[in-house]
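A.B. asks: File query-v9.cif follows (mmCIF, N, CA and C atoms and all ligand atoms):
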data_model
loop_
_atom_site.label_atom_id
_atom_site.label_comp_id
_atom_site.auth_asym_id
_atom_site.auth_seq_id
_atom_site.Cartn_x
_atom_site.Cartn_y
_atom_site.Cartn_z
N MET A 7 9.85 -6.39 -9.78
CA MET A 7 10.73 -5.26 -10.04
C MET A 7 11.32 -4.70 -8.76
N SER A 8 10.48 -4.66 -7.73
CA SER A 8 10.98 -4.09 -6.49
C SER A 8 11.98 -5.02 -5.83
N ARG A 9 12.04 -6.26 -6.29
CA ARG A 9 12.95 -7.20 -5.65
C ARG A 9 14.39 -6.76 -5.87
N GLN A 10 14.66 -6.27 -7.05
CA GLN A 10 15.99 -5.71 -7.27
C GLN A 10 15.97 -4.27 -6.76
N ARG A 11 16.14 -4.16 -5.46
CA ARG A 11 16.08 -2.82 -4.90
C ARG A 11 17.21 -1.98 -5.47
N GLN A 12 16.84 -0.80 -5.87
CA GLN A 12 17.86 0.08 -6.41
C GLN A 12 18.77 0.56 -5.29
N ARG A 13 20.00 0.71 -5.63
CA ARG A 13 20.96 1.23 -4.66
C ARG A 13 21.20 2.70 -4.92
N ASP A 14 21.59 3.37 -3.84
CA ASP A 14 22.01 4.76 -3.96
C ASP A 14 20.94 5.64 -4.60
N THR A 15 19.69 5.35 -4.28
CA THR A 15 18.65 6.24 -4.77
C THR A 15 18.70 7.52 -3.95
N ARG A 16 18.07 8.53 -4.46
CA ARG A 16 18.13 9.81 -3.76
C ARG A 16 17.56 9.74 -2.34
N PRO A 17 16.38 9.14 -2.13
CA PRO A 17 15.89 9.04 -0.75
C PRO A 17 16.88 8.32 0.17
N GLU A 18 17.54 7.32 -0.37
CA GLU A 18 18.48 6.58 0.46
C GLU A 18 19.69 7.43 0.83
N ILE A 19 20.15 8.20 -0.09
CA ILE A 19 21.30 9.07 0.19
C ILE A 19 20.91 10.12 1.24
N ILE A 20 19.70 10.62 1.15
CA ILE A 20 19.23 11.59 2.14
C ILE A 20 19.21 10.96 3.54
N VAL A 21 18.73 9.72 3.61
CA VAL A 21 18.68 9.03 4.90
C VAL A 21 20.08 8.80 5.45
N ARG A 22 21.00 8.42 4.60
CA ARG A 22 22.38 8.20 5.05
C ARG A 22 22.98 9.49 5.59
N ARG A 23 22.73 10.58 4.90
CA ARG A 23 23.25 11.87 5.37
C ARG A 23 22.64 12.24 6.71
N ALA A 24 21.34 11.96 6.85
CA ALA A 24 20.66 12.29 8.11
C ALA A 24 21.26 11.48 9.26
N LEU A 25 21.56 10.21 9.01
CA LEU A 25 22.16 9.37 10.05
C LEU A 25 23.51 9.94 10.47
N THR A 26 24.30 10.32 9.50
CA THR A 26 25.60 10.91 9.80
C THR A 26 25.42 12.20 10.59
N ALA A 27 24.45 12.98 10.20
CA ALA A 27 24.22 14.28 10.87
C ALA A 27 23.86 14.10 12.34
N ILE A 28 23.16 13.02 12.67
CA ILE A 28 22.78 12.81 14.07
C ILE A 28 23.77 11.88 14.77
N GLY A 29 24.87 11.59 14.11
CA GLY A 29 25.96 10.86 14.76
C GLY A 29 25.76 9.35 14.85
N LEU A 30 24.91 8.80 14.00
CA LEU A 30 24.72 7.34 14.00
C LEU A 30 25.55 6.73 12.86
N HIS A 31 26.33 5.75 13.22
CA HIS A 31 27.19 5.11 12.23
C HIS A 31 26.52 3.86 11.68
N TYR A 32 26.80 3.58 10.45
CA TYR A 32 26.14 2.45 9.80
C TYR A 32 27.11 1.82 8.82
N ARG A 33 26.73 0.65 8.38
CA ARG A 33 27.50 -0.03 7.34
C ARG A 33 26.56 -0.31 6.18
N LEU A 34 27.09 -0.23 4.97
CA LEU A 34 26.29 -0.53 3.78
C LEU A 34 26.50 -1.98 3.40
N ASN A 35 25.58 -2.49 2.60
CA ASN A 35 25.70 -3.86 2.07
C ASN A 35 25.74 -4.88 3.20
N ASN A 36 24.60 -5.37 3.56
CA ASN A 36 24.49 -6.37 4.62
C ASN A 36 23.72 -7.56 4.09
N ARG A 37 24.31 -8.18 3.12
CA ARG A 37 23.60 -9.22 2.38
C ARG A 37 23.29 -10.44 3.21
N ASP A 38 24.04 -10.64 4.28
CA ASP A 38 23.79 -11.83 5.09
C ASP A 38 22.66 -11.62 6.09
N LEU A 39 22.17 -10.41 6.24
CA LEU A 39 21.03 -10.18 7.13
C LEU A 39 19.73 -10.35 6.35
N PRO A 40 18.64 -10.76 7.02
CA PRO A 40 17.36 -10.90 6.30
C PRO A 40 16.99 -9.61 5.57
N GLY A 41 16.59 -9.74 4.32
CA GLY A 41 16.19 -8.60 3.53
C GLY A 41 17.33 -7.77 3.00
N SER A 42 18.57 -8.19 3.23
CA SER A 42 19.77 -7.45 2.78
C SER A 42 19.63 -5.94 2.99
N PRO A 43 19.45 -5.51 4.22
CA PRO A 43 19.26 -4.06 4.42
C PRO A 43 20.46 -3.26 3.93
N ASP A 44 20.18 -2.16 3.27
CA ASP A 44 21.26 -1.35 2.74
C ASP A 44 21.98 -0.59 3.84
N ILE A 45 21.30 -0.35 4.93
CA ILE A 45 21.88 0.44 6.01
C ILE A 45 21.67 -0.34 7.31
N ALA A 46 22.76 -0.66 7.99
CA ALA A 46 22.63 -1.40 9.24
C ALA A 46 23.80 -1.12 10.17
N ASN A 47 23.55 -1.30 11.45
CA ASN A 47 24.62 -1.26 12.45
C ASN A 47 24.49 -2.52 13.29
N ARG A 48 25.43 -3.43 13.09
CA ARG A 48 25.33 -4.74 13.74
C ARG A 48 25.59 -4.68 15.23
N SER A 49 26.56 -3.88 15.65
CA SER A 49 26.87 -3.89 17.08
C SER A 49 25.75 -3.23 17.87
N ARG A 50 25.12 -2.22 17.31
CA ARG A 50 23.99 -1.59 17.99
C ARG A 50 22.66 -2.21 17.59
N LYS A 51 22.74 -3.14 16.65
CA LYS A 51 21.56 -3.93 16.30
C LYS A 51 20.37 -3.13 15.79
N TRP A 52 20.61 -2.39 14.75
CA TRP A 52 19.48 -1.77 14.07
C TRP A 52 19.70 -1.80 12.57
N VAL A 53 18.60 -1.74 11.86
CA VAL A 53 18.66 -1.62 10.40
C VAL A 53 17.67 -0.55 9.97
N VAL A 54 17.95 0.03 8.82
CA VAL A 54 17.04 1.01 8.24
C VAL A 54 16.70 0.56 6.82
N PHE A 55 15.41 0.51 6.52
CA PHE A 55 14.97 0.30 5.15
C PHE A 55 14.41 1.62 4.62
N VAL A 56 14.80 1.96 3.42
CA VAL A 56 14.22 3.13 2.76
C VAL A 56 13.31 2.59 1.67
N HIS A 57 12.02 2.76 1.88
CA HIS A 57 11.05 2.14 0.98
C HIS A 57 10.40 3.15 0.05
N GLY A 58 10.30 2.77 -1.20
CA GLY A 58 9.53 3.56 -2.15
C GLY A 58 8.05 3.42 -1.83
N CYS A 59 7.33 4.55 -1.82
CA CYS A 59 5.92 4.54 -1.41
C CYS A 59 5.07 3.70 -2.38
N TYR A 60 5.45 3.69 -3.63
CA TYR A 60 4.66 2.98 -4.64
C TYR A 60 4.82 1.47 -4.51
N TRP A 61 6.02 0.98 -4.59
CA TRP A 61 6.24 -0.47 -4.60
C TRP A 61 5.95 -1.12 -3.27
N HIS A 62 6.21 -0.40 -2.21
CA HIS A 62 6.02 -1.01 -0.89
C HIS A 62 4.71 -0.59 -0.25
N ARG A 63 3.91 0.20 -0.95
CA ARG A 63 2.55 0.54 -0.53
C ARG A 63 2.49 1.30 0.78
N HIS A 64 2.99 2.50 0.77
CA HIS A 64 2.88 3.36 1.94
C HIS A 64 1.41 3.65 2.21
N ASP A 65 0.96 3.19 3.37
CA ASP A 65 -0.47 3.25 3.69
C ASP A 65 -0.98 4.69 3.71
N GLY A 66 -1.98 4.96 2.91
CA GLY A 66 -2.58 6.28 2.88
C GLY A 66 -1.80 7.33 2.11
N CYS A 67 -0.69 6.94 1.51
CA CYS A 67 0.15 7.90 0.80
C CYS A 67 -0.36 8.11 -0.63
N PRO A 68 -0.41 9.36 -1.10
CA PRO A 68 -0.88 9.60 -2.48
C PRO A 68 0.01 8.95 -3.54
N ARG A 69 1.24 8.61 -3.19
CA ARG A 69 2.12 7.97 -4.18
C ARG A 69 1.81 6.49 -4.36
N ALA A 70 1.06 5.91 -3.44
CA ALA A 70 0.78 4.47 -3.53
C ALA A 70 -0.44 4.23 -4.40
N THR A 71 -0.33 4.62 -5.65
CA THR A 71 -1.45 4.47 -6.58
C THR A 71 -1.47 3.05 -7.14
N THR A 72 -2.59 2.69 -7.74
CA THR A 72 -2.71 1.36 -8.36
C THR A 72 -3.09 1.55 -9.83
N PRO A 73 -2.32 0.93 -10.73
CA PRO A 73 -2.66 1.05 -12.15
C PRO A 73 -4.06 0.51 -12.43
N LYS A 74 -4.76 1.14 -13.36
CA LYS A 74 -6.13 0.69 -13.66
C LYS A 74 -6.12 -0.56 -14.52
N ARG A 75 -5.14 -0.64 -15.40
CA ARG A 75 -5.03 -1.84 -16.23
C ARG A 75 -4.39 -2.97 -15.42
N ASN A 76 -4.81 -4.17 -15.72
CA ASN A 76 -4.28 -5.37 -15.04
C ASN A 76 -4.28 -5.21 -13.52
N ARG A 77 -5.36 -4.69 -13.05
CA ARG A 77 -5.44 -4.32 -11.64
C ARG A 77 -5.14 -5.50 -10.70
N SER A 78 -5.73 -6.67 -11.00
CA SER A 78 -5.54 -7.79 -10.07
C SER A 78 -4.08 -8.26 -10.08
N PHE A 79 -3.45 -8.18 -11.24
CA PHE A 79 -2.03 -8.53 -11.32
C PHE A 79 -1.21 -7.63 -10.39
N TRP A 80 -1.47 -6.35 -10.46
CA TRP A 80 -0.70 -5.40 -9.64
C TRP A 80 -1.00 -5.56 -8.16
N LEU A 81 -2.27 -5.77 -7.87
CA LEU A 81 -2.63 -5.92 -6.46
C LEU A 81 -1.92 -7.13 -5.85
N GLU A 82 -1.83 -8.19 -6.64
CA GLU A 82 -1.16 -9.38 -6.12
C GLU A 82 0.33 -9.11 -5.94
N LYS A 83 0.90 -8.44 -6.89
CA LYS A 83 2.32 -8.09 -6.83
C LYS A 83 2.62 -7.23 -5.60
N PHE A 84 1.79 -6.22 -5.41
CA PHE A 84 1.97 -5.34 -4.26
C PHE A 84 1.82 -6.10 -2.95
N GLN A 85 0.85 -7.00 -2.94
CA GLN A 85 0.62 -7.77 -1.72
C GLN A 85 1.83 -8.66 -1.40
N ASN A 86 2.42 -9.23 -2.44
CA ASN A 86 3.63 -10.03 -2.22
C ASN A 86 4.75 -9.18 -1.64
N ASN A 87 4.89 -7.98 -2.16
CA ASN A 87 5.92 -7.08 -1.63
C ASN A 87 5.70 -6.81 -0.15
N GLN A 88 4.45 -6.52 0.20
CA GLN A 88 4.14 -6.19 1.59
C GLN A 88 4.37 -7.38 2.51
N GLU A 89 4.00 -8.55 2.02
CA GLU A 89 4.19 -9.74 2.85
C GLU A 89 5.67 -10.01 3.06
N ARG A 90 6.42 -9.79 2.03
CA ARG A 90 7.87 -9.99 2.14
C ARG A 90 8.48 -9.00 3.13
N ASP A 91 8.05 -7.74 3.05
CA ASP A 91 8.55 -6.72 3.98
C ASP A 91 8.24 -7.13 5.42
N ARG A 92 7.04 -7.61 5.63
CA ARG A 92 6.62 -8.00 6.97
C ARG A 92 7.46 -9.18 7.49
N ARG A 93 7.67 -10.14 6.61
CA ARG A 93 8.44 -11.32 6.98
C ARG A 93 9.88 -10.93 7.35
N VAL A 94 10.48 -10.10 6.50
CA VAL A 94 11.86 -9.65 6.75
C VAL A 94 11.95 -8.93 8.09
N CYS A 95 10.98 -8.09 8.36
CA CYS A 95 10.95 -7.34 9.61
C CYS A 95 10.88 -8.30 10.81
N GLU A 96 10.04 -9.28 10.70
CA GLU A 96 9.91 -10.27 11.79
C GLU A 96 11.20 -11.05 11.99
N GLU A 97 11.84 -11.40 10.89
CA GLU A 97 13.09 -12.16 11.00
C GLU A 97 14.17 -11.34 11.68
N LEU A 98 14.24 -10.07 11.31
CA LEU A 98 15.25 -9.20 11.93
C LEU A 98 14.96 -8.99 13.41
N GLU A 99 13.71 -8.78 13.73
CA GLU A 99 13.34 -8.58 15.13
C GLU A 99 13.63 -9.83 15.96
N ALA A 100 13.44 -11.00 15.33
CA ALA A 100 13.75 -12.24 16.04
C ALA A 100 15.25 -12.34 16.33
N LEU A 101 16.06 -11.68 15.51
CA LEU A 101 17.51 -11.66 15.75
C LEU A 101 17.91 -10.54 16.71
N GLY A 102 16.92 -9.81 17.20
CA GLY A 102 17.21 -8.76 18.17
C GLY A 102 17.46 -7.38 17.57
N TYR A 103 17.12 -7.22 16.30
CA TYR A 103 17.33 -5.92 15.64
C TYR A 103 16.12 -5.02 15.78
N ARG A 104 16.40 -3.73 15.92
CA ARG A 104 15.34 -2.75 15.75
C ARG A 104 15.28 -2.40 14.27
N VAL A 105 14.09 -2.27 13.75
CA VAL A 105 13.91 -2.03 12.31
C VAL A 105 13.22 -0.69 12.12
N ALA A 106 13.87 0.22 11.42
CA ALA A 106 13.23 1.49 11.08
C ALA A 106 12.91 1.49 9.60
N THR A 107 11.66 1.76 9.29
CA THR A 107 11.26 1.89 7.88
C THR A 107 11.04 3.36 7.59
N ILE A 108 11.80 3.88 6.67
CA ILE A 108 11.63 5.26 6.24
C ILE A 108 11.02 5.24 4.85
N TRP A 109 9.92 5.96 4.72
CA TRP A 109 9.27 6.04 3.41
C TRP A 109 9.88 7.18 2.62
N GLU A 110 9.94 6.93 1.33
CA GLU A 110 10.47 7.91 0.38
C GLU A 110 9.92 9.33 0.63
N CYS A 111 8.61 9.41 0.87
CA CYS A 111 8.02 10.75 1.03
C CYS A 111 8.41 11.40 2.37
N GLN A 112 8.98 10.60 3.27
CA GLN A 112 9.39 11.16 4.57
C GLN A 112 10.79 11.76 4.51
N THR A 113 11.42 11.66 3.37
CA THR A 113 12.78 12.19 3.26
C THR A 113 12.79 13.64 2.79
N ARG A 114 11.60 14.24 2.72
CA ARG A 114 11.56 15.61 2.21
C ARG A 114 11.74 16.66 3.30
N VAL A 115 11.39 16.28 4.53
CA VAL A 115 11.54 17.24 5.63
C VAL A 115 12.66 16.74 6.54
N LEU A 116 13.81 17.37 6.40
CA LEU A 116 15.03 16.81 6.98
C LEU A 116 15.02 16.74 8.51
N ASP A 117 14.59 17.80 9.17
CA ASP A 117 14.69 17.75 10.64
C ASP A 117 13.71 16.73 11.23
N LYS A 118 12.57 16.59 10.56
CA LYS A 118 11.61 15.58 10.99
C LYS A 118 12.18 14.18 10.77
N LEU A 119 12.84 14.00 9.66
CA LEU A 119 13.47 12.72 9.35
C LEU A 119 14.52 12.38 10.42
N GLU A 120 15.34 13.36 10.77
CA GLU A 120 16.40 13.13 11.76
C GLU A 120 15.80 12.77 13.12
N ARG A 121 14.76 13.48 13.50
CA ARG A 121 14.11 13.17 14.78
C ARG A 121 13.54 11.76 14.78
N GLY A 122 12.90 11.40 13.67
CA GLY A 122 12.30 10.07 13.55
C GLY A 122 13.36 8.97 13.64
N LEU A 123 14.49 9.19 12.99
CA LEU A 123 15.57 8.19 13.01
C LEU A 123 16.12 8.05 14.42
N LEU A 124 16.34 9.18 15.08
CA LEU A 124 16.86 9.15 16.45
C LEU A 124 15.94 8.36 17.36
N LYS A 125 14.66 8.67 17.23
CA LYS A 125 13.67 8.02 18.08
C LYS A 125 13.62 6.51 17.80
N ALA A 126 13.66 6.17 16.53
CA ALA A 126 13.54 4.75 16.17
C ALA A 126 14.78 3.93 16.52
N LEU A 127 15.95 4.57 16.49
CA LEU A 127 17.19 3.80 16.59
C LEU A 127 17.93 3.96 17.90
N SER A 128 17.52 4.90 18.73
CA SER A 128 18.20 5.05 20.01
C SER A 128 17.89 3.85 20.90
N PRO A 129 18.86 3.46 21.72
CA PRO A 129 18.57 2.35 22.63
C PRO A 129 17.43 2.71 23.55
N PRO A 130 16.59 1.75 23.91
CA PRO A 130 15.43 2.03 24.76
C PRO A 130 15.85 2.47 26.17
ZN ZN B 201 4.65 7.93 1.14
#
Just give me the structure as structure tokens.
C.D. replies:
Amino acid sequence: MSRQRQRDTRPEIIVRRALTAIGLHYRLNNRDLPGSPDIANRSRKWVVFVHGCYWHRHDGCPRATTPKRNRSFWLEKFQNNQERDRRVCEELEALGYRVATIWECQTRVLDKLERGLLKALSPP
């Protein structure tokens, strides 16, 4: 289910607004990059993923619950998601991209989100 990442979800719109607010430009729809990141800047070489805490298993987050029924099925599914995220991240980094992962629950405090994005995406 998580493979068909939803577009224009509320957390994603918040992240896009935050990027604009801190003066970072991005392009949407980057299907030719690993993981098809929804938000990327090719010339500055960064991408942003906005991950749902549940499907992508935000470590230690109360939203990353596990259903009690069919537990092993879900655990395997979640593990596949995590492995895929890791692989995509490695592929992008191998291409010279910086990768920022923003979790859904991190989009609630705007100034913190903006600071985090600046820190993650500013050139070293
Ligand atoms: Zn979370």
A.B. asks: Compile a residue-level contact table for chain A against ligand ZN 201 (chain B) at a cut-off of 8 Å, reporting for every qualifying residue the shortest atom pair and its distance in Å to one decimal, with all atoms listed in the file counted, rows ordered by chain and ascending number, as a tab-separated table.
C.D. replies:
residue	atom	partner	partner_atom	distance
A:His57	C	B:ZN201	ZN	7.6
A:Gly58	C	B:ZN201	ZN	6.4
A:Cys59	CA	B:ZN201	ZN	4.4
A:Tyr60	N	B:ZN201	ZN	6.4
A:Arg63	C	B:ZN201	ZN	7.0
A:His64	CA	B:ZN201	ZN	5.0
A:Asp65	N	B:ZN201	ZN	6.4
A:Gly66	C	B:ZN201	ZN	6.6
A:Cys67	CA	B:ZN201	ZN	4.5
A:Pro68	N	B:ZN201	ZN	5.7
A:Arg69	N	B:ZN201	ZN	5.6
A:Ala70	N	B:ZN201	ZN	6.2
A:Ile108	C	B:ZN201	ZN	7.8
A:Trp109	CA	B:ZN201	ZN	5.5
A:Glu110	N	B:ZN201	ZN	5.4
A:Cys111	N	B:ZN201	ZN	4.2
A:Gln112	N	B:ZN201	ZN	5.5
A.B. asks: Rounded to one decimal in Å, what is the spacing between atom N of Gly102 of chain A and atom CA of Arg90 of chain A?
C.D. replies: 17.6 Å
A.B. asks: Under the rule that all atoms listed in the file are counted, which of A:Val53, A:Arg33, A:Thr113, A:Thr107 is the nearest residue to Pro17 of chain A?
C.D. replies: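 Of the candidates, the smallest distance to Pro17 of chain A is held by A:Thr113.
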A.B. asks: For Ile19 of chain A, which residue out of A:His62, A:Lys83, A:Arg121, A:Arg114 is the nearest one, using only C-alpha atoms?
C.D. replies: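 For Ile19 of chain A, the nearest of the candidates is A:Arg114.
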A.B. asks: What is the atom N of Thr15 of chain A-atom CA of Val56 of chain A distance in Å, reported with one decimal?
C.D. replies: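 According to the coordinates, atom N of Thr15 of chain A and atom CA of Val56 of chain A are separated by 9.2 Å.
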A.B. asks: Between atom CA of Leu124 of chain A and atom CA of Leu101 of chain A, what is the spacing in Å?
C.D. replies: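 Separation of atom CA of Leu101 of chain A and atom CA of Leu124 of chain A: 20.8 Å.
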A.B. asks: Could you pull out the strand (DSSP E) residues of segment 11-117 of chain A from DSSP and send them as a list in words?
C.D. replies: Arg33, Leu34, Ile45, Ala46, Asn47, Trp52, Val53, Val54, Phe55, Val56, His57, Arg104, Val105, Ala106, Thr107, Ile108 and Trp109 of chain A
A.B. asks: Could you put an axis-aligned box around every listed atom of segment 70-82 of chain A, padded by 8 Å on each side, and send me its centre and edge lengths in Å to one decimal, as lines of an AutoDock Vina configuration file?
C.D. replies:
center_x = -2.5
center_y = -1.7
center_z = -9.8
size_x = 23.2
size_y = 31.3
size_z = 28.8
A.B. asks: Quick one: residues within 8 Å of Asn47 of chain A, only N, CA and C atoms counted, chain neighbours fewer than 5 positions away excluded, as a ChimeraX atom specification?
C.D. replies: /A:31-34,52-54
A.B. asks: Write out as a PyMOL selection string all residues of chain A that backbone DSSP assigns to alpha helix (DSSP H).
C.D. replies: chain A and resi 16-27+77-100+116-127
A.B. asks: Could those selected residues go to a file with N, CA and C atoms, as a compact mmCIF listing (two decimals), in the frame of the given file?
C.D. replies:
# COMPACT_ATOMS: atom_id res chain seq x y z
N ARG A 16 18.07 8.53 -4.46
CA ARG A 16 18.13 9.81 -3.76
C ARG A 16 17.56 9.74 -2.34
N PRO A 17 16.38 9.14 -2.13
CA PRO A 17 15.89 9.04 -0.75
C PRO A 17 16.88 8.32 0.17
N GLU A 18 17.54 7.32 -0.37
CA GLU A 18 18.48 6.58 0.46
C GLU A 18 19.69 7.43 0.83
N ILE A 19 20.15 8.20 -0.09
CA ILE A 19 21.30 9.07 0.19
C ILE A 19 20.91 10.12 1.24
N ILE A 20 19.70 10.62 1.15
CA ILE A 20 19.23 11.59 2.14
C ILE A 20 19.21 10.96 3.54
N VAL A 21 18.73 9.72 3.61
CA VAL A 21 18.68 9.03 4.90
C VAL A 21 20.08 8.80 5.45
N ARG A 22 21.00 8.42 4.60
CA ARG A 22 22.38 8.20 5.05
C ARG A 22 22.98 9.49 5.59
N ARG A 23 22.73 10.58 4.90
CA ARG A 23 23.25 11.87 5.37
C ARG A 23 22.64 12.24 6.71
N ALA A 24 21.34 11.96 6.85
CA ALA A 24 20.66 12.29 8.11
C ALA A 24 21.26 11.48 9.26
N LEU A 25 21.56 10.21 9.01
CA LEU A 25 22.16 9.37 10.05
C LEU A 25 23.51 9.94 10.47
N THR A 26 24.30 10.32 9.50
CA THR A 26 25.60 10.91 9.80
C THR A 26 25.42 12.20 10.59
N ALA A 27 24.45 12.98 10.20
CA ALA A 27 24.22 14.28 10.87
C ALA A 27 23.86 14.10 12.34
N ARG A 77 -5.36 -4.69 -13.05
CA ARG A 77 -5.44 -4.32 -11.64
C ARG A 77 -5.14 -5.50 -10.70
N SER A 78 -5.73 -6.67 -11.00
CA SER A 78 -5.54 -7.79 -10.07
C SER A 78 -4.08 -8.26 -10.08
N PHE A 79 -3.45 -8.18 -11.24
CA PHE A 79 -2.03 -8.53 -11.32
C PHE A 79 -1.21 -7.63 -10.39
N TRP A 80 -1.47 -6.35 -10.46
CA TRP A 80 -0.70 -5.40 -9.64
C TRP A 80 -1.00 -5.56 -8.16
N LEU A 81 -2.27 -5.77 -7.87
CA LEU A 81 -2.63 -5.92 -6.46
C LEU A 81 -1.92 -7.13 -5.85
N GLU A 82 -1.83 -8.19 -6.64
CA GLU A 82 -1.16 -9.38 -6.12
C GLU A 82 0.33 -9.11 -5.94
N LYS A 83 0.90 -8.44 -6.89
CA LYS A 83 2.32 -8.09 -6.83
C LYS A 83 2.62 -7.23 -5.60
N PHE A 84 1.79 -6.22 -5.41
CA PHE A 84 1.97 -5.34 -4.26
C PHE A 84 1.82 -6.10 -2.95
N GLN A 85 0.85 -7.00 -2.94
CA GLN A 85 0.62 -7.77 -1.72
C GLN A 85 1.83 -8.66 -1.40
N ASN A 86 2.42 -9.23 -2.44
CA ASN A 86 3.63 -10.03 -2.22
C ASN A 86 4.75 -9.18 -1.64
N ASN A 87 4.89 -7.98 -2.16
CA ASN A 87 5.92 -7.08 -1.63
C ASN A 87 5.70 -6.81 -0.15
N GLN A 88 4.45 -6.52 0.20
CA GLN A 88 4.14 -6.19 1.59
C GLN A 88 4.37 -7.38 2.51
N GLU A 89 4.00 -8.55 2.02
CA GLU A 89 4.19 -9.74 2.85
C GLU A 89 5.67 -10.01 3.06
N ARG A 90 6.42 -9.79 2.03
CA ARG A 90 7.87 -9.99 2.14
C ARG A 90 8.48 -9.00 3.13
N ASP A 91 8.05 -7.74 3.05
CA ASP A 91 8.55 -6.72 3.98
C ASP A 91 8.24 -7.13 5.42
N ARG A 92 7.04 -7.61 5.63
CA ARG A 92 6.62 -8.00 6.97
C ARG A 92 7.46 -9.18 7.49
N ARG A 93 7.67 -10.14 6.61
CA ARG A 93 8.44 -11.32 6.98
C ARG A 93 9.88 -10.93 7.35
N VAL A 94 10.48 -10.10 6.50
CA VAL A 94 11.86 -9.65 6.75
C VAL A 94 11.95 -8.93 8.09
N CYS A 95 10.98 -8.09 8.36
CA CYS A 95 10.95 -7.34 9.61
C CYS A 95 10.88 -8.30 10.81
N GLU A 96 10.04 -9.28 10.70
CA GLU A 96 9.91 -10.27 11.79
C GLU A 96 11.20 -11.05 11.99
N GLU A 97 11.84 -11.40 10.89
CA GLU A 97 13.09 -12.16 11.00
C GLU A 97 14.17 -11.34 11.68
N LEU A 98 14.24 -10.07 11.31
CA LEU A 98 15.25 -9.20 11.93
C LEU A 98 14.96 -8.99 13.41
N GLU A 99 13.71 -8.78 13.73
CA GLU A 99 13.34 -8.58 15.13
C GLU A 99 13.63 -9.83 15.96
N ALA A 100 13.44 -11.00 15.33
CA ALA A 100 13.75 -12.24 16.04
C ALA A 100 15.25 -12.34 16.33
N LEU A 116 13.81 17.37 6.40
CA LEU A 116 15.03 16.81 6.98
C LEU A 116 15.02 16.74 8.51
N ASP A 117 14.59 17.80 9.17
CA ASP A 117 14.69 17.75 10.64
C ASP A 117 13.71 16.73 11.23
N LYS A 118 12.57 16.59 10.56
CA LYS A 118 11.61 15.58 10.99
C LYS A 118 12.18 14.18 10.77
N LEU A 119 12.84 14.00 9.66
CA LEU A 119 13.47 12.72 9.35
C LEU A 119 14.52 12.38 10.42
N GLU A 120 15.34 13.36 10.77
CA GLU A 120 16.40 13.13 11.76
C GLU A 120 15.80 12.77 13.12
N ARG A 121 14.76 13.48 13.50
CA ARG A 121 14.11 13.17 14.78
C ARG A 121 13.54 11.76 14.78
N GLY A 122 12.90 11.40 13.67
CA GLY A 122 12.30 10.07 13.55
C GLY A 122 13.36 8.97 13.64
N LEU A 123 14.49 9.19 12.99
CA LEU A 123 15.57 8.19 13.01
C LEU A 123 16.12 8.05 14.42
N LEU A 124 16.34 9.18 15.08
CA LEU A 124 16.86 9.15 16.45
C LEU A 124 15.94 8.36 17.36
N LYS A 125 14.66 8.67 17.23
CA LYS A 125 13.67 8.02 18.08
C LYS A 125 13.62 6.51 17.80
N ALA A 126 13.66 6.17 16.53
CA ALA A 126 13.54 4.75 16.17
C ALA A 126 14.78 3.93 16.52
N LEU A 127 15.95 4.57 16.49
CA LEU A 127 17.19 3.80 16.59
C LEU A 127 17.93 3.96 17.90
A.B. asks: Quick one: of A:Trp61, A:Ala100, A:Pro73, A:Arg22, who's nearest to Gln88 of chain A, counting only C-alpha atoms?
C.D. replies: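 Among the listed residues, A:Trp61 lies closest to Gln88 of chain A.
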A.B. asks: What's the 8 Å shell around Glu97 of chain A, counting all atoms listed in the file, without same-chain residues fewer than 6 positions away, as a PDB file with N, CA and C atoms, in the coordinates of the input?
C.D. replies:
ATOM      1  N   LEU A  39      22.170 -10.410   6.240  1.00  0.00           N
ATOM      2  CA  LEU A  39      21.030 -10.180   7.130  1.00  0.00           C
ATOM      3  C   LEU A  39      19.730 -10.350   6.350  1.00  0.00           C
ATOM      4  N   PRO A  40      18.640 -10.760   7.020  1.00  0.00           N
ATOM      5  CA  PRO A  40      17.360 -10.900   6.300  1.00  0.00           C
ATOM      6  C   PRO A  40      16.990  -9.610   5.570  1.00  0.00           C
ATOM      7  N   GLY A  41      16.590  -9.740   4.320  1.00  0.00           N
ATOM      8  CA  GLY A  41      16.190  -8.600   3.530  1.00  0.00           C
ATOM      9  C   GLY A  41      17.330  -7.770   3.000  1.00  0.00           C
ATOM     10  N   ASP A  91       8.050  -7.740   3.050  1.00  0.00           N
ATOM     11  CA  ASP A  91       8.550  -6.720   3.980  1.00  0.00           C
ATOM     12  C   ASP A  91       8.240  -7.130   5.420  1.00  0.00           C
ATOM     13  N   TYR A 103      17.120  -7.220  16.300  1.00  0.00           N
ATOM     14  CA  TYR A 103      17.330  -5.920  15.640  1.00  0.00           C
ATOM     15  C   TYR A 103      16.120  -5.020  15.780  1.00  0.00           C
TER      16      TYR A 103
END
A.B. asks: Counting all atoms listed in the file, figure out which residue out of A:Arg104, A:Leu25, A:Asp14, A:Phe79 gets nearest to Leu123 of chain A.
C.D. replies: A:Leu25
A.B. asks: Compare A:Arg23, A:Ser78, A:Arg37, A:Ala106 by their minimum atom-to-atom distance to Gly122 of chain A, counting all atoms listed in the file, and give me the closest one.
C.D. replies: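 For Gly122 of chain A, the nearest of the candidates is A:Ala106.
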